[in-house]
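Undergrad: Here's a structure for you.
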2 protein chains.
Amino acid sequence: MNLSVAEENYIKSIYKLEEGQESVTTTGLAYELDTKPASVTDMAKKLRDKKLIDYEKYQGISLTADGKKAALHIIRRHRLWECFLVDKLSFSWEEVHEIAEELEHIRSEKLINRLSDFLGNPTIDPHGDPIPDAQGRLGKQRTQISLDQARTKRLEVTAVSDKSNALLEFLTAKGIRLGTHLEVIERYEFDNSIEIKIRNQPAFTISEQVSKNIMVRPV
Amino acid sequence: MNLSVAEENYIKSIYKLEEGQESVTTTGLAYELDTKPASVTDMAKKLRDKKLIDYEKYQGISLTADGKKAALHIIRRHRLWECFLVDKLSFSWEEVHEIAEELEHIRSEKLINRLSDFLGNPTIDPHGDPIPDAQGRLGKQRTQISLDQARTKRLEVTAVSDKSNALLEFLTAKGIRLGTHLEVIERYEFDNSIEIKIRNQPAFTISEQVSKNIMVRPV
DNA sequence: GAAATTATTTAGATTTGTCTAACTTTTATT
DNA sequence: AATAAAAGTTAGACAAATCTAAATAATTTC
(Lines give C-alpha, C1' and ligand atoms only; values in the text may rest on other atoms or scores of the structure.)
Protein backbone atom coordinates (compact mmCIF):
# COMPACT_ATOMS: atom_id res chain seq x y z
CA MET A 1 0.00 0.00 0.00
CA ASN A 2 1.56 3.28 -1.09
CA LEU A 3 0.26 6.26 0.82
CA SER A 4 0.68 9.94 0.12
CA VAL A 5 2.08 12.22 2.81
CA ALA A 6 -1.42 13.58 3.43
CA GLU A 7 -2.89 10.10 3.78
CA GLU A 8 -0.15 9.11 6.20
CA ASN A 9 -0.82 12.15 8.34
CA TYR A 10 -4.51 11.33 8.51
CA ILE A 11 -3.80 7.72 9.52
CA LYS A 12 -1.39 8.85 12.19
CA SER A 13 -3.83 11.38 13.64
CA ILE A 14 -6.70 8.90 13.65
CA TYR A 15 -4.48 6.45 15.53
CA LYS A 16 -3.55 9.13 18.02
CA LEU A 17 -7.18 10.08 18.68
CA GLU A 18 -8.26 6.45 18.98
CA GLU A 19 -5.45 5.85 21.46
CA GLY A 20 -6.87 8.64 23.59
CA GLN A 21 -10.03 6.54 23.99
CA GLU A 22 -12.73 8.87 22.59
CA SER A 23 -14.36 8.15 19.24
CA VAL A 24 -12.93 9.90 16.21
CA THR A 25 -15.22 12.59 14.81
CA THR A 26 -14.91 14.63 11.66
CA THR A 27 -14.50 17.86 13.57
CA GLY A 28 -12.06 16.38 16.07
CA LEU A 29 -9.85 15.05 13.32
CA ALA A 30 -10.06 18.35 11.45
CA TYR A 31 -8.88 20.13 14.59
CA GLU A 32 -6.05 17.66 15.13
CA LEU A 33 -4.83 18.07 11.55
CA ASP A 34 -5.41 21.82 11.48
CA THR A 35 -7.73 21.54 8.51
CA LYS A 36 -11.46 21.86 7.81
CA PRO A 37 -14.18 19.24 8.43
CA ALA A 38 -15.05 19.24 4.72
CA SER A 39 -11.51 18.14 3.90
CA VAL A 40 -11.74 15.35 6.45
CA THR A 41 -14.92 14.03 4.87
CA ASP A 42 -13.22 13.96 1.46
CA MET A 43 -10.19 12.13 2.77
CA ALA A 44 -12.33 9.73 4.82
CA LYS A 45 -13.92 8.48 1.60
CA LYS A 46 -10.51 7.94 0.07
CA LEU A 47 -9.15 6.05 3.07
CA ARG A 48 -12.30 3.96 3.24
CA ASP A 49 -11.84 3.00 -0.42
CA LYS A 50 -8.32 1.88 0.49
CA LYS A 51 -9.77 -0.15 3.36
CA LEU A 52 -7.67 1.63 5.96
CA ILE A 53 -10.63 2.98 7.92
CA ASP A 54 -14.23 2.11 8.60
CA TYR A 55 -16.40 5.06 7.74
CA GLU A 56 -20.12 5.53 7.24
CA LYS A 57 -21.37 9.03 6.81
CA TYR A 58 -22.34 10.70 10.08
CA GLN A 59 -20.97 7.65 11.95
CA GLY A 60 -17.41 8.62 12.73
CA ILE A 61 -14.12 7.00 11.78
CA SER A 62 -12.09 4.06 13.04
CA LEU A 63 -8.98 2.31 11.78
CA THR A 64 -9.26 -1.16 10.26
CA ALA A 65 -6.61 -3.76 11.09
CA ASP A 66 -4.72 -2.67 7.97
CA GLY A 67 -5.04 0.97 9.00
CA LYS A 68 -3.64 0.21 12.44
CA LYS A 69 -0.72 -1.61 10.90
CA ALA A 70 -0.01 1.33 8.62
CA ALA A 71 -0.21 3.71 11.57
CA LEU A 72 2.27 1.68 13.59
CA HIS A 73 4.75 1.71 10.74
CA ILE A 74 4.52 5.48 10.43
CA ILE A 75 4.93 5.85 14.19
CA ARG A 76 7.93 3.54 14.11
CA ARG A 77 9.58 5.75 11.51
CA HIS A 78 8.76 8.91 13.43
CA ARG A 79 10.12 7.67 16.74
CA LEU A 80 13.28 6.17 15.30
CA TRP A 81 14.11 9.46 13.60
CA GLU A 82 13.50 11.26 16.91
CA CYS A 83 16.01 8.92 18.55
CA PHE A 84 18.50 9.67 15.81
CA LEU A 85 18.08 13.42 16.14
CA VAL A 86 18.49 13.39 19.91
CA ASP A 87 21.11 10.65 20.33
CA LYS A 88 23.28 11.32 17.31
CA LEU A 89 22.71 14.94 16.31
CA SER A 90 22.32 16.33 19.85
CA PHE A 91 18.95 17.93 19.30
CA SER A 92 16.95 18.59 22.43
CA TRP A 93 13.81 16.80 23.40
CA GLU A 94 11.58 19.70 22.37
CA GLU A 95 12.88 20.47 18.90
CA VAL A 96 12.84 17.04 17.26
CA HIS A 97 9.14 16.62 16.65
CA GLU A 98 8.76 18.92 13.66
CA ILE A 99 11.76 17.52 11.82
CA ALA A 100 10.74 13.91 12.53
CA GLU A 101 7.34 14.88 11.15
CA GLU A 102 9.04 15.27 7.77
CA LEU A 103 11.48 12.40 8.01
CA GLU A 104 8.75 9.90 8.90
CA HIS A 105 7.35 10.07 5.38
CA ILE A 106 10.46 8.68 3.73
CA ARG A 107 9.41 5.19 2.92
CA SER A 108 12.15 2.63 2.63
CA GLU A 109 11.90 -0.43 4.83
CA LYS A 110 15.59 -1.01 4.42
CA LEU A 111 16.46 2.51 5.51
CA ILE A 112 14.34 2.31 8.64
CA ASN A 113 15.55 -1.11 9.68
CA ARG A 114 19.17 -0.09 9.20
CA LEU A 115 18.54 3.10 11.12
CA SER A 116 17.08 1.03 13.93
CA ASP A 117 20.16 -1.21 13.98
CA PHE A 118 22.42 1.82 13.92
CA LEU A 119 20.64 3.20 16.98
CA GLY A 120 20.87 -0.13 18.79
CA ASN A 121 17.21 -1.05 18.20
CA PRO A 122 15.80 1.27 20.85
CA THR A 123 12.38 0.44 22.28
CA ILE A 124 11.43 3.90 23.54
CA ASP A 125 11.91 7.28 21.91
CA PRO A 126 13.30 10.45 23.56
CA HIS A 127 9.81 11.31 24.86
CA GLY A 128 9.52 7.85 26.42
CA ASP A 129 7.00 6.56 23.90
CA PRO A 130 7.42 2.95 22.80
CA ILE A 131 8.76 2.27 19.31
CA PRO A 132 6.91 -0.41 17.34
CA ASP A 133 9.19 -3.13 15.98
CA ALA A 134 9.58 -3.95 12.28
CA GLN A 135 6.38 -6.02 12.45
CA GLY A 136 4.47 -3.15 14.03
CA ARG A 137 4.34 -4.73 17.49
CA LEU A 138 4.28 -2.29 20.35
CA GLY A 139 5.64 -2.53 23.87
CA LYS A 140 3.35 -2.00 26.84
CA GLN A 141 1.79 1.37 27.64
CA ARG A 142 2.54 3.56 30.58
CA THR A 143 -0.07 5.26 32.80
CA GLN A 144 -1.29 8.81 32.80
CA ILE A 145 -0.49 10.50 36.08
CA SER A 146 -4.13 11.60 36.30
CA LEU A 147 -5.48 8.07 35.84
CA ASP A 148 -3.24 6.47 38.43
CA GLN A 149 -5.86 4.74 40.57
CA ALA A 150 -3.35 3.59 43.13
CA ARG A 151 -2.71 7.22 44.04
CA THR A 152 0.97 6.53 44.04
CA LYS A 153 3.11 9.10 45.81
CA ARG A 154 6.49 8.62 44.19
CA LEU A 155 6.59 8.45 40.42
CA GLU A 156 9.05 8.55 37.53
CA VAL A 157 8.20 10.37 34.31
CA THR A 158 8.43 7.92 31.39
CA ALA A 159 6.75 9.84 28.58
CA VAL A 160 4.87 12.92 27.46
CA SER A 161 1.98 12.22 25.13
CA ASP A 162 1.29 15.73 23.83
CA LYS A 163 4.23 16.99 21.80
CA SER A 164 3.10 20.60 21.38
CA ASN A 165 5.86 23.13 21.87
CA ALA A 166 3.79 24.92 24.45
CA LEU A 167 3.64 21.88 26.71
CA LEU A 168 7.24 20.83 26.16
CA GLU A 169 8.46 24.30 26.99
CA PHE A 170 6.31 24.44 30.08
CA LEU A 171 7.68 21.12 31.31
CA THR A 172 11.25 22.15 30.63
CA ALA A 173 10.69 25.37 32.54
CA LYS A 174 9.34 23.38 35.47
CA GLY A 175 12.27 20.98 35.36
CA ILE A 176 10.15 18.01 34.32
CA ARG A 177 11.86 15.75 31.81
CA LEU A 178 12.11 12.06 31.03
CA GLY A 179 13.27 10.15 34.06
CA THR A 180 12.41 12.94 36.48
CA HIS A 181 11.28 11.60 39.85
CA LEU A 182 8.40 13.45 41.38
CA GLU A 183 6.30 13.31 44.49
CA VAL A 184 2.53 13.83 44.48
CA ILE A 185 1.63 16.11 47.41
CA GLU A 186 -2.09 16.45 46.82
CA ARG A 187 -4.77 15.60 44.27
CA TYR A 188 -7.65 18.06 44.05
CA GLU A 189 -10.86 16.34 43.04
CA PHE A 190 -12.81 19.44 42.06
CA ASP A 191 -10.66 20.34 39.03
CA ASN A 192 -8.41 17.28 38.86
CA SER A 193 -5.33 19.43 39.35
CA ILE A 194 -2.37 17.85 41.10
CA GLU A 195 0.23 19.38 43.39
CA ILE A 196 3.68 17.93 42.85
CA LYS A 197 7.21 18.40 44.08
CA ILE A 198 10.52 17.63 42.41
CA ARG A 199 13.40 16.78 44.72
CA ASN A 200 13.81 19.61 47.19
CA GLN A 201 12.29 22.36 45.05
CA PRO A 202 9.10 24.10 46.18
CA ALA A 203 5.88 22.29 45.27
CA PHE A 204 3.69 23.52 42.40
CA THR A 205 0.36 22.64 40.87
CA ILE A 206 -0.32 21.28 37.41
CA SER A 207 -3.71 21.32 35.70
CA GLU A 208 -5.52 18.21 34.52
CA GLN A 209 -4.74 19.28 30.96
CA VAL A 210 -1.05 18.98 31.71
CA SER A 211 -1.16 15.93 33.98
CA LYS A 212 -3.18 13.97 31.46
CA ASN A 213 -0.17 14.13 29.16
CA ILE A 214 2.45 13.01 31.62
CA MET A 215 3.04 9.27 31.63
CA VAL A 216 4.52 7.79 34.77
CA ARG A 217 5.46 4.56 36.50
CA PRO A 218 5.74 3.91 40.23
CA VAL A 219 9.25 4.16 41.63
CA MET B 1 12.80 31.19 -0.53
CA ASN B 2 10.60 28.18 0.10
CA LEU B 3 10.59 25.73 -2.78
CA SER B 4 8.32 22.75 -3.40
CA VAL B 5 9.84 19.34 -4.01
CA ALA B 6 9.04 19.68 -7.71
CA GLU B 7 10.72 23.07 -7.92
CA GLU B 8 13.79 21.76 -6.14
CA ASN B 9 14.06 18.88 -8.57
CA TYR B 10 13.90 21.25 -11.51
CA ILE B 11 16.60 23.50 -10.03
CA LYS B 12 18.83 20.52 -9.36
CA SER B 13 18.41 19.13 -12.87
CA ILE B 14 19.06 22.50 -14.49
CA TYR B 15 22.25 22.79 -12.44
CA LYS B 16 23.32 19.34 -13.49
CA LEU B 17 22.74 20.06 -17.19
CA GLU B 18 24.52 23.41 -16.97
CA GLU B 19 27.47 21.72 -15.28
CA GLY B 20 27.72 19.40 -18.28
CA GLN B 21 28.49 22.48 -20.40
CA GLU B 22 25.68 22.34 -23.00
CA SER B 23 22.83 24.84 -22.92
CA VAL B 24 19.64 23.77 -21.15
CA THR B 25 16.76 23.13 -23.54
CA THR B 26 13.13 22.41 -22.78
CA THR B 27 13.34 18.93 -24.24
CA GLY B 28 16.63 18.12 -22.57
CA LEU B 29 15.30 19.11 -19.19
CA ALA B 30 12.09 17.16 -19.79
CA TYR B 31 14.17 14.07 -20.58
CA GLU B 32 16.35 14.57 -17.50
CA LEU B 33 13.28 14.87 -15.25
CA ASP B 34 11.33 12.14 -17.02
CA THR B 35 8.48 14.50 -17.81
CA LYS B 36 7.04 16.24 -20.88
CA PRO B 37 8.29 19.43 -22.56
CA ALA B 38 4.94 21.10 -21.90
CA SER B 39 5.42 20.60 -18.17
CA VAL B 40 8.88 22.10 -18.36
CA THR B 41 7.55 25.21 -20.08
CA ASP B 42 4.96 25.62 -17.31
CA MET B 43 7.52 25.25 -14.55
CA ALA B 44 10.02 27.50 -16.32
CA LYS B 45 7.55 30.37 -16.06
CA LYS B 46 7.11 29.71 -12.37
CA LEU B 47 10.85 29.59 -11.66
CA ARG B 48 11.38 32.72 -13.73
CA ASP B 49 8.79 34.53 -11.62
CA LYS B 50 10.74 33.46 -8.55
CA LYS B 51 13.91 34.82 -10.20
CA LEU B 52 15.70 31.49 -9.96
CA ILE B 53 16.20 31.12 -13.70
CA ASP B 54 16.52 33.31 -16.76
CA TYR B 55 13.98 32.23 -19.31
CA GLU B 56 12.65 33.76 -22.51
CA LYS B 57 10.41 31.63 -24.64
CA TYR B 58 12.28 29.64 -27.27
CA GLN B 59 15.57 30.84 -25.75
CA GLY B 60 16.43 28.10 -23.27
CA ILE B 61 16.98 28.18 -19.54
CA SER B 62 19.82 29.20 -17.24
CA LEU B 63 20.13 29.57 -13.49
CA THR B 64 20.41 33.03 -11.97
CA ALA B 65 22.84 33.61 -9.10
CA ASP B 66 20.00 32.89 -6.69
CA GLY B 67 19.12 29.74 -8.58
CA LYS B 68 22.70 28.50 -8.42
CA LYS B 69 22.77 29.13 -4.70
CA ALA B 70 19.55 27.18 -4.24
CA ALA B 71 20.94 24.32 -6.35
CA LEU B 72 24.11 24.11 -4.27
CA HIS B 73 22.11 23.88 -1.07
CA ILE B 74 20.02 21.04 -2.45
CA ILE B 75 23.16 19.26 -3.64
CA ARG B 76 24.73 19.74 -0.23
CA ARG B 77 21.77 18.05 1.41
CA HIS B 78 21.78 15.22 -1.10
CA ARG B 79 25.47 14.45 -0.76
CA LEU B 80 25.53 14.67 3.02
CA TRP B 81 22.68 12.16 3.25
CA GLU B 82 24.56 9.88 0.86
CA CYS B 83 27.55 10.04 3.21
CA PHE B 84 25.30 9.19 6.12
CA LEU B 85 23.75 6.22 4.35
CA VAL B 86 27.08 4.77 3.29
CA ASP B 87 29.23 5.62 6.32
CA LYS B 88 26.71 5.07 9.09
CA LEU B 89 24.05 2.74 7.74
CA SER B 90 26.37 0.59 5.59
CA PHE B 91 24.50 1.09 2.35
CA SER B 92 26.50 0.43 -0.77
CA TRP B 93 27.58 3.02 -3.24
CA GLU B 94 24.89 2.09 -5.75
CA GLU B 95 21.80 2.03 -3.58
CA VAL B 96 22.02 5.39 -1.82
CA HIS B 97 21.00 7.69 -4.64
CA GLU B 98 17.25 7.02 -4.62
CA ILE B 99 16.90 7.37 -0.86
CA ALA B 100 19.02 10.53 -0.79
CA GLU B 101 16.74 11.82 -3.52
CA GLU B 102 13.96 11.85 -0.92
CA LEU B 103 15.99 12.95 2.08
CA GLU B 104 17.42 15.96 0.24
CA HIS B 105 14.05 17.70 0.30
CA ILE B 106 13.87 17.92 4.08
CA ARG B 107 14.66 21.51 4.66
CA SER B 108 16.11 22.39 8.02
CA GLU B 109 19.39 24.26 8.03
CA LYS B 110 20.01 23.12 11.56
CA LEU B 111 19.46 19.49 10.68
CA ILE B 112 21.84 19.57 7.75
CA ASN B 113 24.57 21.42 9.58
CA ARG B 114 24.38 19.04 12.52
CA LEU B 115 24.39 16.09 10.17
CA SER B 116 27.51 17.51 8.56
CA ASP B 117 29.19 17.87 11.96
CA PHE B 118 28.13 14.35 12.89
CA LEU B 119 29.77 13.02 9.73
CA GLY B 120 32.95 15.00 10.39
CA ASN B 121 32.18 17.67 7.80
CA PRO B 122 33.10 15.56 4.78
CA THR B 123 34.10 17.38 1.58
CA ILE B 124 33.35 14.58 -0.89
CA ASP B 125 30.46 12.15 -1.01
CA PRO B 126 30.63 8.38 -1.55
CA HIS B 127 30.69 8.88 -5.32
CA GLY B 128 33.60 11.28 -4.96
CA ASP B 129 31.58 14.38 -5.75
CA PRO B 130 32.42 17.50 -3.74
CA ILE B 131 29.98 18.60 -1.03
CA PRO B 132 29.19 22.33 -0.98
CA ASP B 133 29.76 23.92 2.43
CA ALA B 134 27.03 25.66 4.45
CA GLN B 135 27.55 28.80 2.34
CA GLY B 136 27.20 26.84 -0.87
CA ARG B 137 30.89 26.98 -1.73
CA LEU B 138 32.18 24.06 -3.72
CA GLY B 139 35.58 22.39 -3.77
CA LYS B 140 37.46 22.08 -7.05
CA GLN B 141 36.28 19.80 -9.80
CA ARG B 142 37.89 16.64 -11.01
CA THR B 143 38.50 15.79 -14.65
CA GLN B 144 36.54 13.55 -16.94
CA ILE B 145 38.67 10.69 -18.12
CA SER B 146 37.63 11.52 -21.68
CA LEU B 147 38.73 15.15 -21.40
CA ASP B 148 42.12 14.47 -19.92
CA GLN B 149 44.31 16.42 -22.35
CA ALA B 150 47.52 15.21 -20.81
CA ARG B 151 46.64 11.68 -21.92
CA THR B 152 47.66 10.40 -18.53
CA LYS B 153 48.33 6.68 -18.34
CA ARG B 154 47.78 5.94 -14.67
CA LEU B 155 44.67 7.32 -13.05
CA GLU B 156 42.61 7.02 -9.90
CA VAL B 157 38.81 7.12 -10.01
CA THR B 158 37.55 9.97 -7.81
CA ALA B 159 33.90 10.22 -8.84
CA VAL B 160 31.12 9.08 -11.10
CA SER B 161 28.93 11.88 -12.40
CA ASP B 162 25.99 9.84 -13.73
CA LYS B 163 24.20 8.08 -10.89
CA SER B 164 21.87 5.90 -12.98
CA ASN B 165 21.58 2.35 -11.73
CA ALA B 166 22.54 1.04 -15.14
CA LEU B 167 25.90 2.78 -15.04
CA LEU B 168 26.60 2.03 -11.39
CA GLU B 169 25.88 -1.63 -11.92
CA PHE B 170 28.04 -1.74 -15.01
CA LEU B 171 30.94 -0.19 -13.12
CA THR B 172 30.53 -2.55 -10.20
CA ALA B 173 30.52 -5.50 -12.55
CA LYS B 174 33.73 -4.25 -14.14
CA GLY B 175 35.35 -3.74 -10.75
CA ILE B 176 35.49 0.04 -11.10
CA ARG B 177 34.76 1.88 -7.86
CA LEU B 178 35.92 4.97 -6.03
CA GLY B 179 39.65 4.86 -5.53
CA THR B 180 40.20 2.23 -8.20
CA HIS B 181 43.51 2.70 -9.97
CA LEU B 182 43.39 2.11 -13.67
CA GLU B 183 45.72 2.21 -16.60
CA VAL B 184 44.77 3.66 -19.98
CA ILE B 185 46.00 1.29 -22.69
CA GLU B 186 44.67 3.07 -25.75
CA ARG B 187 42.39 5.93 -26.74
CA TYR B 188 40.46 5.47 -29.99
CA GLU B 189 39.83 8.79 -31.72
CA PHE B 190 37.15 7.61 -34.10
CA ASP B 191 34.53 6.88 -31.41
CA ASN B 192 36.28 8.26 -28.33
CA SER B 193 36.24 4.86 -26.67
CA ILE B 194 39.03 4.04 -24.25
CA GLU B 195 40.73 0.74 -23.51
CA ILE B 196 41.61 0.38 -19.84
CA LYS B 197 43.09 -2.17 -17.50
CA ILE B 198 42.64 -2.61 -13.77
CA ARG B 199 45.56 -4.17 -11.90
CA ASN B 200 46.38 -7.48 -13.53
CA GLN B 201 42.97 -8.17 -14.97
CA PRO B 202 42.50 -8.36 -18.75
CA ALA B 203 41.98 -5.01 -20.47
CA PHE B 204 38.54 -3.94 -21.67
CA THR B 205 37.04 -1.06 -23.59
CA ILE B 206 34.59 1.55 -22.36
CA SER B 207 32.50 3.79 -24.60
CA GLU B 208 32.66 7.58 -24.55
CA GLN B 209 29.25 7.55 -22.88
CA VAL B 210 30.73 5.69 -19.93
CA SER B 211 34.13 7.38 -19.83
CA LYS B 212 32.53 10.83 -19.85
CA ASN B 213 31.05 10.01 -16.47
CA ILE B 214 34.19 8.75 -14.79
CA MET B 215 36.10 11.44 -12.96
CA VAL B 216 39.79 10.82 -12.39
CA ARG B 217 42.99 12.34 -11.11
CA PRO B 218 46.56 11.43 -12.08
CA VAL B 219 48.27 9.05 -9.71
C1' DG C 1 -41.31 16.71 20.57
C1' DA C 2 -40.41 21.05 18.15
C1' DA C 3 -36.91 24.38 17.70
C1' DA C 4 -32.30 25.69 17.93
C1' DT C 5 -27.71 24.47 17.78
C1' DT C 6 -23.96 21.83 16.34
C1' DA C 7 -21.85 18.45 13.36
C1' DT C 8 -21.35 16.63 8.95
C1' DT C 9 -21.70 16.33 4.14
C1' DT C 10 -22.14 18.04 -0.61
C1' DA C 11 -21.28 21.05 -4.42
C1' DG C 12 -18.41 23.83 -6.65
C1' DA C 13 -13.97 26.40 -6.75
C1' DT C 14 -8.78 26.72 -6.18
C1' DT C 15 -3.82 25.46 -6.39
C1' DT C 16 0.01 22.64 -7.90
C1' DG C 17 1.90 19.87 -11.06
C1' DT C 18 1.06 17.21 -14.61
C1' DC C 19 -0.77 15.62 -19.27
C1' DT C 20 -2.41 15.47 -24.51
C1' DA C 21 -3.35 17.64 -28.67
C1' DA C 22 -2.98 21.47 -31.47
C1' DC C 23 -0.37 25.26 -32.84
C1' DT C 24 3.87 28.20 -33.53
C1' DT C 25 8.66 29.06 -33.86
C1' DT C 26 13.19 27.63 -34.92
C1' DT C 27 16.41 24.79 -37.23
C1' DA C 28 17.82 21.67 -40.80
C1' DT C 29 17.51 20.03 -45.53
C1' DT C 30 17.48 20.35 -50.16
C1' DA D 1 14.82 30.55 -49.96
C1' DA D 2 11.17 27.14 -49.55
C1' DT D 3 9.89 23.33 -47.22
C1' DA D 4 10.24 19.64 -43.90
C1' DA D 5 11.39 18.34 -39.40
C1' DA D 6 12.23 19.24 -34.75
C1' DA D 7 11.65 21.90 -30.73
C1' DG D 8 8.89 24.69 -27.97
C1' DT D 9 4.55 26.75 -26.46
C1' DT D 10 -0.40 27.26 -25.57
C1' DA D 11 -4.93 25.77 -24.41
C1' DG D 12 -7.69 22.91 -22.10
C1' DA D 13 -8.14 18.86 -19.06
C1' DC D 14 -7.16 16.10 -14.96
C1' DA D 15 -5.91 14.33 -10.17
C1' DA D 16 -4.82 15.41 -5.42
C1' DA D 17 -5.74 18.00 -1.60
C1' DT D 18 -7.62 21.66 -0.03
C1' DC D 19 -11.21 25.49 0.74
C1' DT D 20 -15.95 28.21 1.23
C1' DA D 21 -20.74 28.31 1.24
C1' DA D 22 -24.90 25.93 1.26
C1' DA D 23 -27.57 21.97 2.48
C1' DT D 24 -28.66 18.20 5.46
C1' DA D 25 -28.48 15.25 9.56
C1' DA D 26 -27.88 14.62 14.48
C1' DT D 27 -28.01 16.36 18.94
C1' DT D 28 -29.30 19.42 22.52
C1' DT D 29 -32.41 22.44 24.72
C1' DC D 30 -36.48 24.15 26.19
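Naming scheme: A, B, ... for chains in displayed order of the C-alpha coordinates; residues 1 onward per chain; ligands 1 onward as shown.
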Find the nearest atom pair between each residue of chain D and stretch 28-50 of chain B for residues within 9 Å, count only C-alpha atoms (C1' of nucleotides), give distances in Å to one decimal, sort rows by chain and ascending number, and present the table as JSON lines.

TA:
{"residue": "D:DG8", "atom": "C1'", "partner": "B:Pro37", "partner_atom": "CA", "distance": 7.6}
{"residue": "D:DT9", "atom": "C1'", "partner": "B:Thr41", "partner_atom": "CA", "distance": 7.2}
{"residue": "D:DT10", "atom": "C1'", "partner": "B:Ala38", "partner_atom": "CA", "distance": 8.9}

Undergrad: Create the file for the chosen residues now, containing C-alpha atoms (C1' of nucleotides) and written as an mmCIF file, in the first residue's frame.

TA:
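Output file out_22.cif is given in full below:
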data_model
loop_
_atom_site.group_PDB
_atom_site.id
_atom_site.type_symbol
_atom_site.label_atom_id
_atom_site.label_comp_id
_atom_site.auth_asym_id
_atom_site.auth_seq_id
_atom_site.Cartn_x
_atom_site.Cartn_y
_atom_site.Cartn_z
ATOM 1 C "C1'" DG D 8 8.893 24.686 -27.965
ATOM 2 C "C1'" DT D 9 4.550 26.753 -26.457
ATOM 3 C "C1'" DT D 10 -0.405 27.259 -25.569
#

Undergrad: Please return, as an MDAnalysis selection string, all residues of chain A lying within 7 Å of chain B when only C-alpha atoms are considered.

TA: chainID A and resid 89 102 106 114:115 118

Undergrad: Neighbours of D:DT24 within 12 Å (only C-alpha atoms (C1' of nucleotides); same-chain residues fewer than 5 positions away dropped), as a list in words?

TA: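 Contacts, with the query itself left out: Lys57 and Tyr58 of chain A; DA7, DT8, DT9 and DT10 of chain C.
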
Undergrad: Report as a count of residues only: the residues of stretch 10-207 of chain B with a DSSP assignment of alpha helix (DSSP H), based on the backbone of this structure.

TA: 77

Undergrad: Between atom CA of B:Asp162 and atom CA of B:Glu109, what is the distance in Å, rounded to a tenth?

TA: 26.9 Å

Undergrad: Chain D residues within 10 Å of chain A, counting only C-alpha atoms (C1' of nucleotides): which ones, as a CSV table (one decimal) with N, CA and C atoms (P, O5', C5', C4', C3', O3' and C1' of nucleotides), in the first residue's frame?

TA:
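Result file follows (part.csv):
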chain,number,residue,atom,x,y,z
D,16,DA,P,-6.1,11.0,-7.6
D,16,DA,O5',-5.4,12.1,-6.7
D,16,DA,C5',-4.0,12.3,-6.7
D,16,DA,C4',-3.7,13.4,-5.8
D,16,DA,C3',-4.3,13.3,-4.4
D,16,DA,O3',-3.3,13.6,-3.4
D,16,DA,C1',-4.8,15.4,-5.4
D,17,DA,P,-3.7,13.2,-1.9
D,17,DA,O5',-4.1,14.6,-1.2
D,17,DA,C5',-3.1,15.6,-1.3
D,17,DA,C4',-3.8,16.9,-1.0
D,17,DA,C3',-4.8,16.9,0.2
D,17,DA,O3',-4.3,17.8,1.2
D,17,DA,C1',-5.7,18.0,-1.6
D,18,DT,P,-4.9,17.9,2.7
D,18,DT,O5',-5.9,19.1,2.6
D,18,DT,C5',-5.3,20.4,2.5
D,18,DT,C4',-6.2,21.4,1.7
D,18,DT,C3',-7.4,21.9,2.4
D,18,DT,O3',-7.1,22.8,3.3
D,18,DT,C1',-7.6,21.7,0.0
D,19,DC,P,-8.1,23.3,4.4
D,19,DC,O5',-9.1,24.3,3.6
D,19,DC,C5',-8.5,25.5,3.1
D,19,DC,C4',-9.5,26.2,2.2
D,19,DC,C3',-10.8,26.5,2.9
D,19,DC,O3',-10.8,27.8,3.3
D,19,DC,C1',-11.2,25.5,0.7
D,20,DT,P,-12.0,28.3,4.3
D,20,DT,O5',-13.2,28.7,3.3
D,20,DT,C5',-12.9,29.6,2.2
D,20,DT,C4',-14.3,29.8,1.4
D,20,DT,C3',-15.4,30.2,2.3
D,20,DT,O3',-16.2,31.2,1.7
D,20,DT,C1',-16.0,28.2,1.2
D,25,DA,P,-30.8,14.5,5.1
D,25,DA,O5',-30.2,14.1,6.4
D,25,DA,C5',-28.8,13.6,6.4
D,25,DA,C4',-28.3,13.7,7.8
D,25,DA,C3',-29.1,13.1,8.9
D,25,DA,O3',-28.3,12.1,9.5
D,25,DA,C1',-28.5,15.2,9.6
D,26,DA,P,-28.8,11.2,10.7
D,26,DA,O5',-28.3,11.9,12.0
D,26,DA,C5',-26.9,12.2,12.1
D,26,DA,C4',-26.6,12.9,13.4
D,26,DA,C3',-27.3,12.3,14.6
D,26,DA,O3',-26.3,12.2,15.6
D,26,DA,C1',-27.9,14.6,14.5

Undergrad: If you run DSSP on this backbone, which residues of stretch 1-166 of chain A come out as strand (DSSP E), and could you give them as a list of chain:residue names?

TA: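 DSSP-assigned strand (DSSP E) residues in stretch 1-166 of chain A: A:Ile53, A:Asp54, A:Tyr55, A:Ile61, A:Ser62, A:Leu63, A:Thr143, A:Gln144, A:Arg154, A:Leu155, A:Glu156, A:Val157, A:Thr158, A:Ala159, A:Val160.
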